[in-house]
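Asks: Let me give you the structure first, and then I'll get to my questions.
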Amino acid sequence: MNILIANPPWRQGPLYGLRSGARFPYMTDELTRDGVPAWIPFPFSIAQAAALLEKHGFKVELWDAVAEGMGFDEFYRRVEAFKPDLYIQETVAPSYPNDRAIFEKLRGLLPGAYLATAGLMVTGWGPRMLEENPAIDGGLTYEWEETALELARRLRDRASLAGTKGLYHRVDGVVVAEPRRPEPDLNALPWPAREKMPMLRYNDDFAFLPVPNLQMVTERGCPYKCSFCVWIKARYGGYGVRFRDPADVAEEMAWCLKKWPFKAVYFDDDTFNLKKSHVLQLCEEIKKRGITTPWAAMCRADCFDRETLAACREAGLFAVKYGIESADQGIIDGIHKGLDLAKAEEVIALTRELGIKVHLTLVLGLPGETEQTIRKTWRFVKRVKADYLQFSLATPYPGTELYEQAAKHGWIEAVEWSQFNADSQASMRTDALTREQLESWVRTLNLRRIGLQLINNPIECLKMYGRKMLNSPKKIVNIARSVFNIK
C-alpha cells in the first residue's frame, strides 16, 4: 500500500502560499533565489504523521512542495508516477480554493485512491467541505496523526471506516462525523520524519536568530482562550496542555544538530514557558549534553520570572517571542487573552536586562480596535524597546470564537476564502475601522518597525536586512512600495 502525505503547491500569480505549520496562513511574493518563500514554517503534523505511519510498517512518501519549490505540473507528474492508494494533505481557509482544484485534478489521476484532507479547515468546516467536494473522500480532524494511522490500517485491511475516530467520511453519499479521537500521548509519537524533508529551507530568523535554524516543539496546547486562535480551537479543541519528556526533547535537539548544520534552534511551542519545572528541566538536559547552540522560543511574558529567565539564558536562550496582540487592556480582555499588560511590560524589561532579544507579535483589527488603540499599541512597542516586531491582521478563521463573533456582527467582508490573509489582506472590519484602513495601518506599522529595529539594533539589523536583500530581492521592492503607501 502506497501512502503519500503532502504539502502541495499553493500559488496564485506571483504569490506563494504558506499552509502547513503556519499559525496564520498567508501568501507572499518574497521568494529566495531558490524560488521558495523566504520564510517557511516546519510542517510538524505532516512530518509526524509520516513518521508514525512508517513506524508501523507502511510505505510512505512525504513531499513538501512549498519548501521544495515544486510547481503544479511537477507535483501532478510525481503523484501519477507514485500512484498512492492513500493521499493526505492539510487544508487551511485561505488555501481552500487552491486545494479544492488539487483534489479535483487528483481524482482524475487517481480514480481508485482514497483522497483525504486534514487540519484546521477540516475541523472547523469539514462536513460542508465533503458535501461540496465529491473528489474528497475523507477529512481528518484535530491532531490527526493517529487518525491517519487507523485510516491506513482499515483501508489496507479493506475494513469498514465506521467508528474511525476523528474522521469525516461518506456512507451511502451522506457525510458522517465519527466521534472525536482522544489527544495523542506526545511521548508515544515518533520524532518527525525530517530525513524526508529539505530541512535547511525551514527557517525563522526573528530577532536576529542565526540561520539556518531548527524548529522543534516541547509541548502542545495552551490553557488561554484567545478568541482569534485557530490552533486552540481547530487543532486541539480544548485548553489542555501536554508536555514532552525534556530528556527526549534534548536528545532530538542533539541528534538534529549533529545531522544538519543548524546555527540555532527555535521551539515553536504554543506557549513554551507555561510550566516552570518543565522549562528548568529542559535547560538542565540541554546543558548536560553540552549543547551550546543558541535557541529561541514562543512564550508568554507573564509566565516568566527572573529565576527561569536566568536559567534559560545560561542554557543558551537567545530570543523570545511574546504575543502581546494589543496595548489596549480592553481589547486584551475582550479576546480573553488573560494578559496583564503592566506585568508583561515588566517581564519584557527583565528579558532585555538579561541580554535576551525580544520579539513582539501584534494583531491589528481585533474587536474594539480604533485608530486610538492602534496608536496606543505603537507607543507601547516604542516604550519597551523591543528588538523585533511583527504586525498581522485579525483573521476570523472558521472554528474560532472570533469567526462566530464577526459573523454575528457582520464584520466579515471577505467574499473568498483566499482573502483570509493575515499578513496583508483584511478579511474583516471593526466597528470603527474599515478593511482598507486596517490594511493601510498594517503597511504603515510594518514599515515603521523597520526604522525602530534599526534604531534599537543598528548593526544586527543592517546585517540581517543585507542578507535578506541578497537572498530575496523582492524584499527591497516591497519595502519601497510600502514607503509610497505609508499613512
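Order determines the names: the first chain of the C-alpha cells is A, the second B, and so forth; residues in each chain are numbered 1 upward, and ligands are numbered 1 upward as they are shown.
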Excluding same-chain residues fewer than 3 positions from segment 214-223 of chain A, what lies within 7 Å of it counting only C-alpha atoms, as a list in words?
Replies: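 Result of the neighbour search: Phe42, Ile232, Tyr236, Tyr239, Gly240, Val241, Arg242, Phe243, Arg244, Val249, Phe262, Ala264, Val265, Tyr266, Phe267, Asp268, Asp269, Asp270 and Thr271 of chain A.
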Asks: I need the chosen residues saved as a compact mmCIF listing (two decimals), in the first residue's frame, with N, CA and C atoms.
Replies:
```txt
# COMPACT_ATOMS: atom_id res chain seq x y z
N PHE A 42 8.09 24.93 9.72
CA PHE A 42 8.20 23.49 9.61
C PHE A 42 6.83 22.86 9.81
N ILE A 232 -5.89 26.57 18.92
CA ILE A 232 -6.50 26.05 20.14
C ILE A 232 -7.86 25.43 19.84
N TYR A 236 -6.48 21.68 18.59
CA TYR A 236 -6.54 20.97 19.86
C TYR A 236 -7.96 20.78 20.38
N TYR A 239 -8.39 23.24 26.01
CA TYR A 239 -7.38 24.08 26.65
C TYR A 239 -6.37 23.27 27.47
N GLY A 240 -6.33 21.97 27.26
CA GLY A 240 -5.35 21.15 27.96
C GLY A 240 -3.96 21.31 27.35
N VAL A 241 -2.94 21.01 28.14
CA VAL A 241 -1.56 21.10 27.69
C VAL A 241 -0.85 19.79 28.00
N ARG A 242 -0.09 19.28 27.04
CA ARG A 242 0.70 18.08 27.22
C ARG A 242 2.16 18.38 26.96
N PHE A 243 3.03 17.84 27.78
CA PHE A 243 4.45 18.14 27.70
C PHE A 243 5.24 16.90 27.28
N ARG A 244 6.24 17.12 26.47
CA ARG A 244 7.17 16.05 26.13
C ARG A 244 8.20 15.87 27.25
N VAL A 249 13.36 15.66 24.33
CA VAL A 249 13.49 16.89 23.55
C VAL A 249 14.96 17.22 23.31
N PHE A 262 22.79 23.30 11.52
CA PHE A 262 21.98 24.38 12.07
C PHE A 262 22.81 25.28 12.98
N ALA A 264 21.11 27.54 15.02
CA ALA A 264 20.24 27.91 16.13
C ALA A 264 19.05 26.96 16.14
N VAL A 265 18.27 27.02 17.23
CA VAL A 265 17.07 26.20 17.40
C VAL A 265 15.93 27.11 17.83
N TYR A 266 14.74 26.85 17.29
CA TYR A 266 13.56 27.61 17.69
C TYR A 266 12.48 26.65 18.18
N PHE A 267 12.06 26.80 19.44
CA PHE A 267 10.97 25.99 19.98
C PHE A 267 9.66 26.69 19.66
N ASP A 268 8.97 26.16 18.65
CA ASP A 268 7.75 26.77 18.15
C ASP A 268 6.53 26.24 18.91
N ASP A 269 6.62 26.27 20.24
CA ASP A 269 5.52 25.81 21.08
C ASP A 269 4.37 26.81 21.04
N ASP A 270 3.22 26.37 21.51
CA ASP A 270 2.11 27.31 21.67
C ASP A 270 2.45 28.29 22.79
N THR A 271 2.98 27.78 23.90
CA THR A 271 3.48 28.62 24.99
C THR A 271 4.58 27.84 25.70
```
Asks: Can you pull out every residue within 10 Å of segment 151-155 of chain A, counting only C-alpha atoms, but drop anything in the same chain fewer than 5 positions away, and send it as a list in words?
Replies: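 Neighbouring residues, sequence-local ones excluded: Met1, Asn2, Ile3, Leu53, His56, Phe58, Asp85, Leu86, Tyr87, Tyr114, Ala116, Gly138, Leu140, Glu146, Ser160, Leu161, Ala162, Thr164, Lys165, Gly166 and Leu167 of chain A.
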Asks: Atom CA of Leu433 of chain A and atom CA of Phe206 of chain A, how far apart in Å?
Replies: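 Computed distance, atom CA of Phe206 of chain A to atom CA of Leu433 of chain A, equals 29.2 Å.
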Asks: Just to confirm, what's the straight-line distance from atom CA of Val384 of chain A to atom CA of Glu345 of chain A in Å (one decimal)?
Replies: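 If I compute the distance from atom CA of Val384 of chain A to atom CA of Glu345 of chain A, I get 6.8 Å.
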Asks: Please, what distance in Å, to one decimal, runs between atom CA of Gly112 of chain A and atom CA of Trp63 of chain A?
Replies: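 Answer for the atom CA of Gly112 of chain A to atom CA of Trp63 of chain A separation: 20.7 Å.
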Asks: Between A:Ile46, A:Ala135, A:Leu317, A:Ala327, which has the minimum distance to Trp191 of chain A (counting only C-alpha atoms)?
Replies: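 Smallest separation from Trp191 of chain A among the options: A:Ile46.
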Asks: Counting only C-alpha atoms, figure out which residue out of A:Ala177, A:Leu115, A:Val211, A:Ala386 gets nearest to Trp39 of chain A.
Replies: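 The closest residue to Trp39 of chain A is A:Val211.
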Asks: Mind checking which residues fall within 12 Å of Phe380 of chain A, counting only C-alpha atoms, ignoring those fewer than 6 positions away in the same chain, and posting them as a list in words?
Replies: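 Non-adjacent residues within range: Ile324, Glu325, Ser326, Ala327, Asp328, Gln329, Leu341, Ala342, Ala344, Glu345, Ile348, Leu360, Leu362, Thr373, Ile374, Ala386 and Leu389 of chain A.
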Asks: Go ahead and write the residues just picked, all heavy atoms, as a compact mmCIF listing (two decimals), in the first residue's frame.
Replies:
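Dumped everything to again.txt:
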```txt
# COMPACT_ATOMS: atom_id res chain seq x y z
N ILE A 324 1.78 39.86 22.39
CA ILE A 324 1.15 40.97 23.11
C ILE A 324 -0.21 41.30 22.48
O ILE A 324 -1.17 41.62 23.18
CB ILE A 324 2.06 42.21 23.10
CG1 ILE A 324 3.39 41.90 23.80
CG2 ILE A 324 1.37 43.39 23.78
CD1 ILE A 324 3.25 41.49 25.25
N GLU A 325 -0.30 41.23 21.17
CA GLU A 325 -1.51 41.46 20.37
C GLU A 325 -1.94 42.92 20.33
O GLU A 325 -2.10 43.49 19.26
CB GLU A 325 -2.70 40.59 20.81
CG GLU A 325 -2.41 39.19 21.30
CD GLU A 325 -1.43 38.35 20.51
OE1 GLU A 325 -1.04 38.73 19.40
OE2 GLU A 325 -1.03 37.29 21.03
N SER A 326 -2.14 43.55 21.50
CA SER A 326 -2.57 44.94 21.54
C SER A 326 -2.10 45.54 22.87
O SER A 326 -1.95 44.82 23.86
CB SER A 326 -4.09 45.04 21.45
OG SER A 326 -4.54 46.36 21.71
N ALA A 327 -1.88 46.85 22.88
CA ALA A 327 -1.51 47.52 24.12
C ALA A 327 -2.71 48.16 24.80
O ALA A 327 -2.56 48.93 25.74
CB ALA A 327 -0.44 48.59 23.84
N ASP A 328 -3.90 47.82 24.33
CA ASP A 328 -5.12 48.30 24.96
C ASP A 328 -5.69 47.17 25.82
O ASP A 328 -6.08 46.12 25.29
CB ASP A 328 -6.14 48.73 23.90
CG ASP A 328 -7.39 49.33 24.52
OD1 ASP A 328 -7.40 50.54 24.76
OD2 ASP A 328 -8.34 48.56 24.78
N GLN A 329 -5.74 47.38 27.13
CA GLN A 329 -6.18 46.32 28.03
C GLN A 329 -7.62 45.90 27.77
O GLN A 329 -7.98 44.73 27.94
CB GLN A 329 -6.02 46.76 29.49
CG GLN A 329 -6.19 45.64 30.51
CD GLN A 329 -5.09 44.60 30.44
OE1 GLN A 329 -3.91 44.90 30.58
NE2 GLN A 329 -5.47 43.34 30.23
N LEU A 341 -1.07 43.68 30.94
CA LEU A 341 -0.08 44.40 30.16
C LEU A 341 1.00 45.03 31.03
O LEU A 341 2.16 45.13 30.62
CB LEU A 341 -0.76 45.47 29.30
CG LEU A 341 -1.52 44.94 28.08
CD1 LEU A 341 -2.38 46.03 27.47
CD2 LEU A 341 -0.54 44.38 27.04
N ALA A 342 0.66 45.46 32.24
CA ALA A 342 1.66 46.03 33.14
C ALA A 342 2.69 44.97 33.51
O ALA A 342 3.91 45.24 33.54
CB ALA A 342 0.99 46.59 34.39
N ALA A 344 3.36 42.29 31.75
CA ALA A 344 4.10 41.98 30.52
C ALA A 344 5.22 42.98 30.30
O ALA A 344 6.34 42.61 29.92
CB ALA A 344 3.15 41.98 29.33
N GLU A 345 4.95 44.25 30.55
CA GLU A 345 5.97 45.28 30.35
C GLU A 345 7.14 45.06 31.31
O GLU A 345 8.31 45.23 30.93
CB GLU A 345 5.36 46.66 30.53
CG GLU A 345 6.29 47.80 30.14
CD GLU A 345 5.58 49.12 29.95
OE1 GLU A 345 4.33 49.16 29.97
OE2 GLU A 345 6.29 50.13 29.76
N ILE A 348 9.18 42.10 29.94
CA ILE A 348 9.94 42.50 28.74
C ILE A 348 11.22 43.21 29.16
O ILE A 348 12.31 42.95 28.63
CB ILE A 348 9.08 43.39 27.83
CG1 ILE A 348 7.95 42.58 27.20
CG2 ILE A 348 9.94 44.03 26.73
CD1 ILE A 348 6.90 43.41 26.48
N LEU A 360 8.07 40.96 19.61
CA LEU A 360 6.67 41.10 19.99
C LEU A 360 5.77 40.87 18.78
O LEU A 360 6.04 41.39 17.70
CB LEU A 360 6.39 42.49 20.56
CG LEU A 360 7.19 42.93 21.79
CD1 LEU A 360 6.73 44.30 22.26
CD2 LEU A 360 7.08 41.91 22.92
N LEU A 362 2.00 41.47 17.30
CA LEU A 362 0.84 42.34 17.48
C LEU A 362 -0.20 42.03 16.40
O LEU A 362 0.16 41.68 15.27
CB LEU A 362 1.24 43.81 17.37
CG LEU A 362 2.19 44.44 18.39
CD1 LEU A 362 1.76 44.18 19.83
CD2 LEU A 362 3.64 44.05 18.16
N THR A 373 -6.49 53.10 19.59
CA THR A 373 -5.87 51.91 20.20
C THR A 373 -4.64 51.47 19.40
O THR A 373 -3.68 50.96 19.97
CB THR A 373 -6.88 50.75 20.30
OG1 THR A 373 -7.35 50.41 18.99
CG2 THR A 373 -8.05 51.13 21.18
N ILE A 374 -4.68 51.67 18.09
CA ILE A 374 -3.50 51.33 17.28
C ILE A 374 -2.33 52.24 17.66
O ILE A 374 -1.19 51.78 17.82
CB ILE A 374 -3.82 51.44 15.78
CG1 ILE A 374 -4.80 50.34 15.36
CG2 ILE A 374 -2.54 51.35 14.95
CD1 ILE A 374 -5.26 50.43 13.93
N ALA A 386 11.41 46.97 22.10
CA ALA A 386 11.51 45.61 21.58
C ALA A 386 12.55 45.54 20.47
O ALA A 386 12.73 46.50 19.71
CB ALA A 386 10.15 45.15 21.06
N LEU A 389 9.68 43.30 15.79
CA LEU A 389 8.22 43.43 15.83
C LEU A 389 7.57 42.72 14.66
O LEU A 389 8.16 42.59 13.59
CB LEU A 389 7.82 44.91 15.80
CG LEU A 389 8.32 45.81 16.93
CD1 LEU A 389 8.06 47.27 16.59
CD2 LEU A 389 7.64 45.44 18.24
```
Asks: Nearest to Arg289 of chain A: which of A:Tyr202, A:Phe304, A:Trp255, A:Trp260 is it, counting only C-alpha atoms?
Replies: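 Checking each candidate against Arg289 of chain A, we get A:Trp255 as the closest.
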Asks: Please give the complete set of residues from segment 168-203 of chain A that DSSP, run on the backbone, assigns to helix (DSSP H, G or I), formatted as a list in words.
Replies: Leu186, Asn187, Ala188, Arg194, Glu195, Lys196, Met199, Leu200 and Arg201 of chain A
Asks: Residues as selected, N, CA, C and O atoms, written as a PDB file, in the first residue's frame, can you do that?
Replies:
```
ATOM      1  N   LEU A 186       2.163  12.625  23.510  1.00  0.00           N
ATOM      2  CA  LEU A 186       3.297  13.153  22.743  1.00  0.00           C
ATOM      3  C   LEU A 186       4.538  12.302  22.893  1.00  0.00           C
ATOM      4  O   LEU A 186       5.367  12.218  21.979  1.00  0.00           O
ATOM      5  N   ASN A 187       4.698  11.673  24.036  1.00  0.00           N
ATOM      6  CA  ASN A 187       5.896  10.861  24.257  1.00  0.00           C
ATOM      7  C   ASN A 187       5.814   9.501  23.575  1.00  0.00           C
ATOM      8  O   ASN A 187       6.804   8.765  23.536  1.00  0.00           O
ATOM      9  N   ALA A 188       4.644   9.174  23.024  1.00  0.00           N
ATOM     10  CA  ALA A 188       4.500   7.933  22.274  1.00  0.00           C
ATOM     11  C   ALA A 188       4.641   8.164  20.770  1.00  0.00           C
ATOM     12  O   ALA A 188       4.808   7.206  20.011  1.00  0.00           O
ATOM     13  N   ARG A 194      12.044  14.022   9.521  1.00  0.00           N
ATOM     14  CA  ARG A 194      12.824  15.132   8.950  1.00  0.00           C
ATOM     15  C   ARG A 194      13.740  14.694   7.806  1.00  0.00           C
ATOM     16  O   ARG A 194      14.054  15.499   6.912  1.00  0.00           O
ATOM     17  N   GLU A 195      14.179  13.438   7.826  1.00  0.00           N
ATOM     18  CA  GLU A 195      15.101  12.980   6.774  1.00  0.00           C
ATOM     19  C   GLU A 195      14.462  13.039   5.391  1.00  0.00           C
ATOM     20  O   GLU A 195      15.178  13.069   4.383  1.00  0.00           O
ATOM     21  N   LYS A 196      13.144  13.077   5.325  1.00  0.00           N
ATOM     22  CA  LYS A 196      12.445  13.118   4.041  1.00  0.00           C
ATOM     23  C   LYS A 196      12.210  14.546   3.540  1.00  0.00           C
ATOM     24  O   LYS A 196      11.574  14.733   2.506  1.00  0.00           O
ATOM     25  N   MET A 199      15.394  20.166   4.992  1.00  0.00           N
ATOM     26  CA  MET A 199      15.439  20.760   6.320  1.00  0.00           C
ATOM     27  C   MET A 199      16.029  22.165   6.378  1.00  0.00           C
ATOM     28  O   MET A 199      15.633  22.984   7.216  1.00  0.00           O
ATOM     29  N   LEU A 200      16.978  22.479   5.520  1.00  0.00           N
ATOM     30  CA  LEU A 200      17.637  23.785   5.601  1.00  0.00           C
ATOM     31  C   LEU A 200      16.798  24.909   5.009  1.00  0.00           C
ATOM     32  O   LEU A 200      17.203  26.072   5.046  1.00  0.00           O
ATOM     33  N   ARG A 201      15.625  24.590   4.504  1.00  0.00           N
ATOM     34  CA  ARG A 201      14.742  25.636   3.974  1.00  0.00           C
ATOM     35  C   ARG A 201      13.693  26.082   4.987  1.00  0.00           C
ATOM     36  O   ARG A 201      12.937  27.009   4.716  1.00  0.00           O
TER      37      ARG A 201
END
```
Asks: Which residue gives the smallest distance to Ala6 of chain A among A:Glu104, A:Glu314, A:Glu90, A:Glu307, with only C-alpha atoms counted?
Replies: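 With only C-alpha atoms as the atom set, the closest residue is A:Glu90.
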